[in-house]
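Coordinates from input.csv are shown below (CSV, C-alpha atoms and all ligand atoms).
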```csv
chain,number,residue,atom,x,y,z
A,1,MET,CA,9.1,47.2,-31.7
A,2,ALA,CA,7.0,44.0,-31.6
A,3,LYS,CA,5.0,43.0,-34.6
A,4,LEU,CA,1.3,42.3,-34.6
A,5,ILE,CA,0.6,39.1,-36.5
A,6,TYR,CA,-2.7,37.7,-37.7
A,7,SER,CA,-2.7,34.0,-38.3
A,8,ALA,CA,-5.6,32.0,-39.6
A,9,ILE,CA,-6.4,28.5,-40.8
A,10,ALA,CA,-9.0,29.0,-43.6
A,11,SER,CA,-10.6,27.3,-46.5
A,12,LEU,CA,-9.2,28.1,-49.9
A,13,ASP,CA,-12.2,30.4,-50.5
A,14,GLY,CA,-11.2,32.3,-47.4
A,15,TYR,CA,-13.5,31.2,-44.5
A,16,VAL,CA,-12.5,30.3,-41.0
A,17,GLU,CA,-15.8,28.6,-40.3
A,18,ASP,CA,-18.6,27.4,-42.7
A,19,GLU,CA,-22.2,28.6,-42.7
A,20,GLN,CA,-23.1,26.0,-40.0
A,21,GLY,CA,-20.2,27.3,-37.8
A,22,ASN,CA,-18.1,24.1,-38.4
A,23,PHE,CA,-14.4,24.3,-38.8
A,24,ASP,CA,-13.5,20.7,-38.2
A,25,TRP,CA,-12.2,20.6,-41.8
A,26,ALA,CA,-9.5,23.1,-40.6
A,27,ALA,CA,-8.0,20.8,-38.0
A,28,PRO,CA,-4.2,20.6,-38.8
A,29,ASP,CA,-2.6,17.2,-39.3
A,30,GLU,CA,0.7,16.5,-37.5
A,31,GLU,CA,2.9,18.1,-40.2
A,32,VAL,CA,0.9,21.3,-40.3
A,33,HIS,CA,0.5,21.4,-36.5
A,34,ARG,CA,4.3,21.2,-36.0
A,35,PHE,CA,4.7,24.1,-38.5
A,36,VAL,CA,2.0,26.2,-36.7
A,37,ASN,CA,3.8,25.5,-33.4
A,38,GLU,CA,7.0,27.1,-34.8
A,39,LEU,CA,5.0,30.2,-35.8
A,40,GLU,CA,3.6,30.4,-32.3
A,41,ARG,CA,6.8,29.6,-30.3
A,42,PRO,CA,8.3,33.2,-30.3
A,43,ILE,CA,4.9,34.8,-29.5
A,44,GLY,CA,4.6,36.5,-26.1
A,45,THR,CA,1.0,37.6,-26.1
A,46,TYR,CA,-2.2,36.5,-27.8
A,47,LEU,CA,-5.0,39.0,-28.4
A,48,TYR,CA,-8.3,37.1,-28.8
A,49,GLY,CA,-11.8,37.9,-29.7
A,50,ARG,CA,-14.1,36.2,-27.2
A,51,ARG,CA,-15.3,33.6,-29.6
A,52,MET,CA,-11.8,32.5,-30.5
A,53,TYR,CA,-10.8,32.6,-26.8
A,54,GLU,CA,-13.6,30.2,-26.0
A,55,THR,CA,-12.4,27.8,-28.7
A,56,MET,CA,-8.8,28.0,-27.6
A,57,LEU,CA,-9.6,27.4,-23.9
A,58,TYR,CA,-9.5,23.7,-24.8
A,59,TRP,CA,-5.7,24.0,-24.6
A,60,GLU,CA,-5.7,25.2,-21.0
A,61,THR,CA,-6.9,21.8,-19.6
A,62,VAL,CA,-6.2,19.2,-22.3
A,63,SER,CA,-4.0,16.4,-21.1
A,64,THR,CA,-0.4,16.7,-22.1
A,65,ASN,CA,0.5,13.0,-21.3
A,66,GLY,CA,1.6,10.5,-24.0
A,67,GLU,CA,-1.8,9.7,-25.4
A,68,ARG,CA,-1.9,12.9,-27.4
A,69,SER,CA,0.3,13.7,-30.4
A,70,GLU,CA,3.6,15.4,-29.8
A,71,ALA,CA,2.5,18.5,-31.7
A,72,SER,CA,-0.6,18.8,-29.6
A,73,ARG,CA,1.3,18.5,-26.3
A,74,ASP,CA,3.8,21.1,-27.6
A,75,PHE,CA,1.1,23.5,-28.6
A,76,ALA,CA,-0.7,23.1,-25.2
A,77,GLU,CA,2.5,24.1,-23.4
A,78,LEU,CA,3.1,27.1,-25.7
A,79,TRP,CA,-0.5,28.2,-25.2
A,80,ARG,CA,-0.3,28.0,-21.4
A,81,ALA,CA,3.0,29.9,-21.4
A,82,ALA,CA,1.7,33.0,-23.3
A,83,GLU,CA,-0.1,36.0,-22.0
A,84,LYS,CA,-3.6,36.4,-23.2
A,85,VAL,CA,-5.9,39.4,-23.7
A,86,VAL,CA,-9.6,38.6,-24.4
A,87,TYR,CA,-11.7,41.3,-26.0
A,88,SER,CA,-15.3,41.0,-24.9
A,89,ARG,CA,-18.2,43.1,-23.7
A,90,THR,CA,-20.0,40.1,-22.3
A,91,LEU,CA,-17.5,37.7,-20.7
A,92,GLN,CA,-17.6,37.9,-16.9
A,93,THR,CA,-14.6,35.9,-16.0
A,94,VAL,CA,-11.7,34.1,-17.7
A,95,SER,CA,-11.0,30.4,-17.2
A,96,SER,CA,-7.2,30.4,-18.0
A,97,ALA,CA,-4.1,31.7,-16.3
A,98,LYS,CA,-2.2,34.7,-17.6
A,99,THR,CA,-5.4,36.1,-19.0
A,100,ARG,CA,-7.2,39.5,-18.7
A,101,ILE,CA,-10.3,40.9,-20.3
A,102,GLU,CA,-10.5,44.2,-22.3
A,103,ARG,CA,-13.9,45.7,-22.8
A,104,GLU,CA,-13.0,47.8,-25.9
A,105,PHE,CA,-10.5,47.4,-28.7
A,106,ASP,CA,-8.4,50.6,-28.4
A,107,PRO,CA,-6.0,51.0,-31.3
A,108,ASP,CA,-3.8,53.4,-29.3
A,109,ALA,CA,-3.4,50.8,-26.5
A,110,ILE,CA,-2.4,48.2,-29.1
A,111,ARG,CA,0.2,50.6,-30.5
A,112,ARG,CA,1.6,51.1,-26.9
A,113,LEU,CA,1.6,47.3,-26.4
A,114,LYS,CA,3.6,46.9,-29.6
A,115,GLU,CA,6.1,49.5,-28.5
A,116,SER,CA,6.6,48.0,-25.1
A,117,SER,CA,6.6,44.2,-25.9
A,118,ARG,CA,9.8,42.3,-26.3
A,119,SER,CA,8.1,39.5,-28.1
A,120,ASP,CA,5.7,39.5,-31.1
A,121,ILE,CA,2.0,39.5,-30.6
A,122,THR,CA,-0.7,37.6,-32.4
A,123,ILE,CA,-4.4,38.4,-33.0
A,124,GLY,CA,-7.4,36.2,-33.7
A,125,GLY,CA,-10.3,35.4,-34.5
A,126,ALA,CA,-11.4,36.9,-37.6
A,127,GLU,CA,-13.7,39.6,-36.3
A,128,LEU,CA,-11.2,41.1,-33.9
A,129,ALA,CA,-8.4,40.8,-36.4
A,130,GLY,CA,-10.6,42.6,-38.9
A,131,HIS,CA,-10.7,45.6,-36.5
A,132,ALA,CA,-6.9,45.5,-36.3
A,133,LEU,CA,-6.5,45.3,-40.1
A,134,THR,CA,-8.9,48.2,-40.5
A,135,GLU,CA,-6.9,50.3,-38.1
A,136,GLY,CA,-3.6,49.5,-39.9
A,137,LEU,CA,-2.2,47.7,-36.9
A,138,VAL,CA,-1.4,44.3,-38.4
A,139,ASP,CA,2.2,44.0,-39.6
A,140,GLU,CA,2.1,40.4,-41.0
A,141,CYS,CA,-0.4,37.7,-41.9
A,142,HIS,CA,0.0,33.9,-41.9
A,143,LEU,CA,-2.7,32.3,-43.9
A,144,VAL,CA,-2.9,28.5,-43.8
A,145,LEU,CA,-5.3,27.5,-46.5
A,146,GLY,CA,-6.8,24.1,-46.7
A,147,PRO,CA,-7.7,22.3,-50.0
A,148,ILE,CA,-11.5,22.8,-49.5
A,149,LEU,CA,-14.2,25.2,-50.6
A,150,VAL,CA,-16.9,25.8,-48.0
A,151,GLY,CA,-18.9,28.4,-50.1
A,152,ALA,CA,-19.9,30.7,-47.3
A,153,GLY,CA,-19.4,31.4,-43.6
A,154,LYS,CA,-17.1,33.6,-41.5
A,155,ARG,CA,-14.5,35.4,-43.7
A,156,ALA,CA,-10.9,35.1,-42.6
A,157,LEU,CA,-10.3,38.6,-44.0
A,158,PRO,CA,-12.6,41.6,-43.7
A,159,ALA,CA,-14.6,42.7,-46.7
A,160,ASN,CA,-13.9,46.5,-46.4
A,161,VAL,CA,-10.1,46.7,-46.2
A,162,GLN,CA,-7.7,47.4,-49.1
A,163,ALA,CA,-4.1,46.7,-48.5
A,164,GLN,CA,-0.8,46.2,-50.4
A,165,LEU,CA,0.9,42.9,-49.3
A,166,GLU,CA,4.4,41.7,-49.8
A,167,LEU,CA,4.9,37.9,-50.0
A,168,LEU,CA,7.5,36.9,-47.4
A,169,GLY,CA,7.3,33.1,-47.8
A,170,GLU,CA,5.2,30.2,-48.8
A,171,ARG,CA,5.2,26.4,-48.1
A,172,ARG,CA,3.1,23.5,-49.3
A,173,PHE,CA,2.2,20.5,-47.1
A,174,ARG,CA,1.6,16.8,-48.0
A,175,SER,CA,-2.1,17.2,-47.1
A,176,GLY,CA,-2.6,19.9,-49.8
A,177,VAL,CA,-2.5,22.7,-47.3
A,178,VAL,CA,-0.6,25.9,-48.4
A,179,HIS,CA,0.9,28.5,-46.1
A,180,LEU,CA,1.3,32.1,-47.2
A,181,HIS,CA,3.2,34.6,-45.2
A,182,TYR,CA,2.6,38.3,-46.0
A,183,ARG,CA,3.8,41.6,-44.8
A,184,VAL,CA,1.1,44.2,-44.7
A,185,ARG,CA,2.6,47.3,-46.3
A,186,ALA,CA,-0.4,49.7,-45.9
A,187,ALA,CA,-4.0,49.2,-45.3
A,188,SER,CA,-7.0,51.5,-45.9
A,189,VAL,CA,-10.7,51.1,-45.4
B,201,LIG,N1,-10.4,27.9,-38.9
B,201,LIG,C1,-9.9,27.6,-37.7
B,201,LIG,O1,-8.9,26.9,-37.6
B,201,LIG,C2,-10.7,28.0,-36.4
B,201,LIG,C3,-10.0,27.8,-35.2
B,201,LIG,C4,-10.7,28.2,-34.1
B,201,LIG,C5,-11.9,28.8,-34.2
B,201,LIG,N2,-12.5,29.0,-35.4
B,201,LIG,C6,-13.8,29.7,-35.5
B,201,LIG,O2,-13.6,31.1,-35.5
B,201,LIG,C7,-14.5,31.7,-34.6
B,201,LIG,C8,-13.8,33.0,-34.0
B,201,LIG,O3,-13.8,34.1,-34.9
B,201,LIG,P1,-14.9,35.2,-34.9
B,201,LIG,O4,-14.6,36.1,-36.0
B,201,LIG,O5,-16.2,34.5,-35.0
B,201,LIG,O6,-14.9,35.8,-33.5
B,201,LIG,P2,-13.8,36.5,-32.6
B,201,LIG,O7,-13.1,37.7,-33.3
B,201,LIG,O8,-12.9,35.5,-32.0
B,201,LIG,O9,-14.7,37.1,-31.4
B,201,LIG,C9,-15.7,38.0,-31.6
B,201,LIG,C10,-16.1,38.6,-30.3
B,201,LIG,O10,-15.0,39.4,-29.8
B,201,LIG,C11,-15.5,40.5,-29.0
B,201,LIG,N3,-15.2,41.7,-29.7
B,201,LIG,C12,-15.0,41.9,-31.1
B,201,LIG,N4,-14.7,43.2,-31.3
B,201,LIG,C13,-14.7,43.8,-30.1
B,201,LIG,C14,-14.4,45.2,-29.7
B,201,LIG,N5,-14.2,46.2,-30.6
B,201,LIG,N6,-14.4,45.5,-28.3
B,201,LIG,C15,-14.7,44.5,-27.4
B,201,LIG,N7,-14.9,43.2,-27.8
B,201,LIG,C16,-14.9,42.9,-29.1
B,201,LIG,C17,-17.0,40.3,-29.0
B,201,LIG,O11,-17.3,39.5,-27.8
B,201,LIG,P3,-18.6,39.7,-27.0
B,201,LIG,O12,-19.7,39.2,-27.8
B,201,LIG,O13,-18.4,38.9,-25.7
B,201,LIG,O14,-18.7,41.2,-26.6
B,201,LIG,C18,-17.3,39.5,-30.3
B,201,LIG,O15,-18.5,38.8,-30.2
B,201,LIG,C19,-14.7,30.6,-33.5
B,201,LIG,O16,-15.9,30.8,-32.9
B,201,LIG,C20,-14.7,29.4,-34.4
B,201,LIG,O17,-16.0,29.1,-34.9
B,201,LIG,C21,-11.9,28.6,-36.5
```

For this file, write the structure as structure tokens.
Amino acid sequence: MAKLIYSAIASLDGYVEDEQGNFDWAAPDEEVHRFVNELERPIGTYLYGRRMYETMLYWETVSTNGERSEASRDFAELWRAAEKVVYSRTLQTVSSAKTRIEREFDPDAIRRLKESSRSDITIGGAELAGHALTEGLVDECHLVLGPILVGAGKRALPANVQAQLELLGERRFRSGVVHLHYRVRAASV
């Protein structure tokens, strides 16, 4: 059975965007980007909230010629190769290949997808992943925490979920970023 994995780059105080909606402080440097690419490489399907999808669409058309960093070019190719599902009640059309829209987040459909998928599945952004955590669907979390406090904004993790976590791995980067990899043992609202 495939795993459902929530990955987020967040501030140390746990926000994926600050109160003004900025997340430029979360942009990975080359070392972190290479690491993130290795997390993404085995993934077959990305489940996106509409807001995260609109951010990630950048990778559909960005140039992959030599003027970009190697990690950026690699990530663009990984992104284009994966299947994408966008959850939205408002989006009329998608602007990327291999992409379909779902109007409702149906936990049973996700369970079926996990059972039938050969490759692991990721989920983002934070609002959509919060639904999946609440429903006990998330098997693992990768939190990439930057050395910054932004004080307020959009939480990476939902406020109303309690869960037991098992630390599977950790890594530190030259920039001060820390990666934490957890298995979610059991979640409850
Ligand atoms: N820290 C980082 O590295 C980083 C990277 C990229 C982006 N970001 C930030 O993170 C944001 C994305 O996270 P987010 O939490 O704001 O939003 P999100 O989870 O990506 O998207 C929320 C949207 O998903 C749809 N949705 C949510 N629940 C649904 C449901 N049950 N059924 C159907 N559709 C549902 C709705 O779209 P509709 O409104 O269309 O119905 C909702 O407005 C981006 O906008 C960006 O600011 C941060």

Original post:
Which chains and residue numbers are within 8 Å of ligand LIG 201 (chain B), counting only C-alpha atoms and all ligand atoms, if I want them as number ranges by chain?
Top reply: A: 8-11, 15-17, 21-24, 26-28, 48-56, 86-91, 102-106, 124-131, 154-156

**OP:** May I have the protein, DNA and RNA residues with any atom at most 12 Å from the point (-7.4, 47.6, -54.0), counting all atoms listed in the file, written as a list of chain:residue names?
**Re:**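 Here is the list of nearby residues: A:Ala159, A:Asn160, A:Val161, A:Gln162, A:Ala163, A:Gln164, A:Leu165, A:Ala186, A:Ala187, A:Ser188, A:Val189.
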
**OP:** Provide the atom CA of A:Asp74 to atom CA of A:Met1 distance in Å, to one decimal place.
**Re:**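 Separation of atom CA of A:Asp74 and atom CA of A:Met1: 26.9 Å.
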
Subject >> For A:Leu57, the nearest of the candidates A:Glu40, A:Leu167, A:Gln20, A:Arg80, counting all atoms listed in the file >> reply: A:Arg80

Original post:
Can you find the residues with an atom no farther than 10 Å from (-6.2, 22.6, -26.3), counting only C-alpha atoms, and report them as a ChimeraX atom specification?
Top reply: /A:55-64,72-73,75-77,79-80

Subject >> Selection near A:Val85, 6 Å with all atoms listed in the file, sequence-local residues under 5 positions removed, as a list in words >> reply: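 The neighbour list is Leu47, Thr99, Arg100 and Ile101 of chain A.
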
Original post:
Nearest to A:Glu115 among A:Val178, A:Ser96, A:Lys3, A:Val138, with distances taken over all atoms listed in the file: which residue is it?
Top reply: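 Of all the options, A:Lys3 lies closest to A:Glu115.
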
**OP:** Select, from A:Leu168, A:Ile110, A:Val150, A:Leu4, the residue with the minimum atom-to-atom distance to A:Arg183, counting all atoms listed in the file.
**Re:**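 Closest to A:Arg183, using all atoms listed in the file: A:Leu168.
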
Subject >> Atomic distance atom CA of A:Ser119 - atom CA of A:Tyr6, expressed in Å with one decimal >> reply: 14.6 Å

Original post:
Rounded to one decimal in Å, what is the spacing between atom CA of A:Ser7 and atom CA of A:Arg174?
Top reply: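 That distance, rounded to one decimal, is 20.2 Å.
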
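If all atoms listed in the file are the atoms counted, then among A:Leu157, A:Ala109, A:Leu39, A:Val94 the closest residue to A:Leu78 is A:Leu39.
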
Original post:
Of the candidates A:Glu83, A:Asp18, A:Glu70, A:Glu140, which one gets nearest to A:Ala2 if we count only C-alpha atoms?
Top reply: A:Glu140
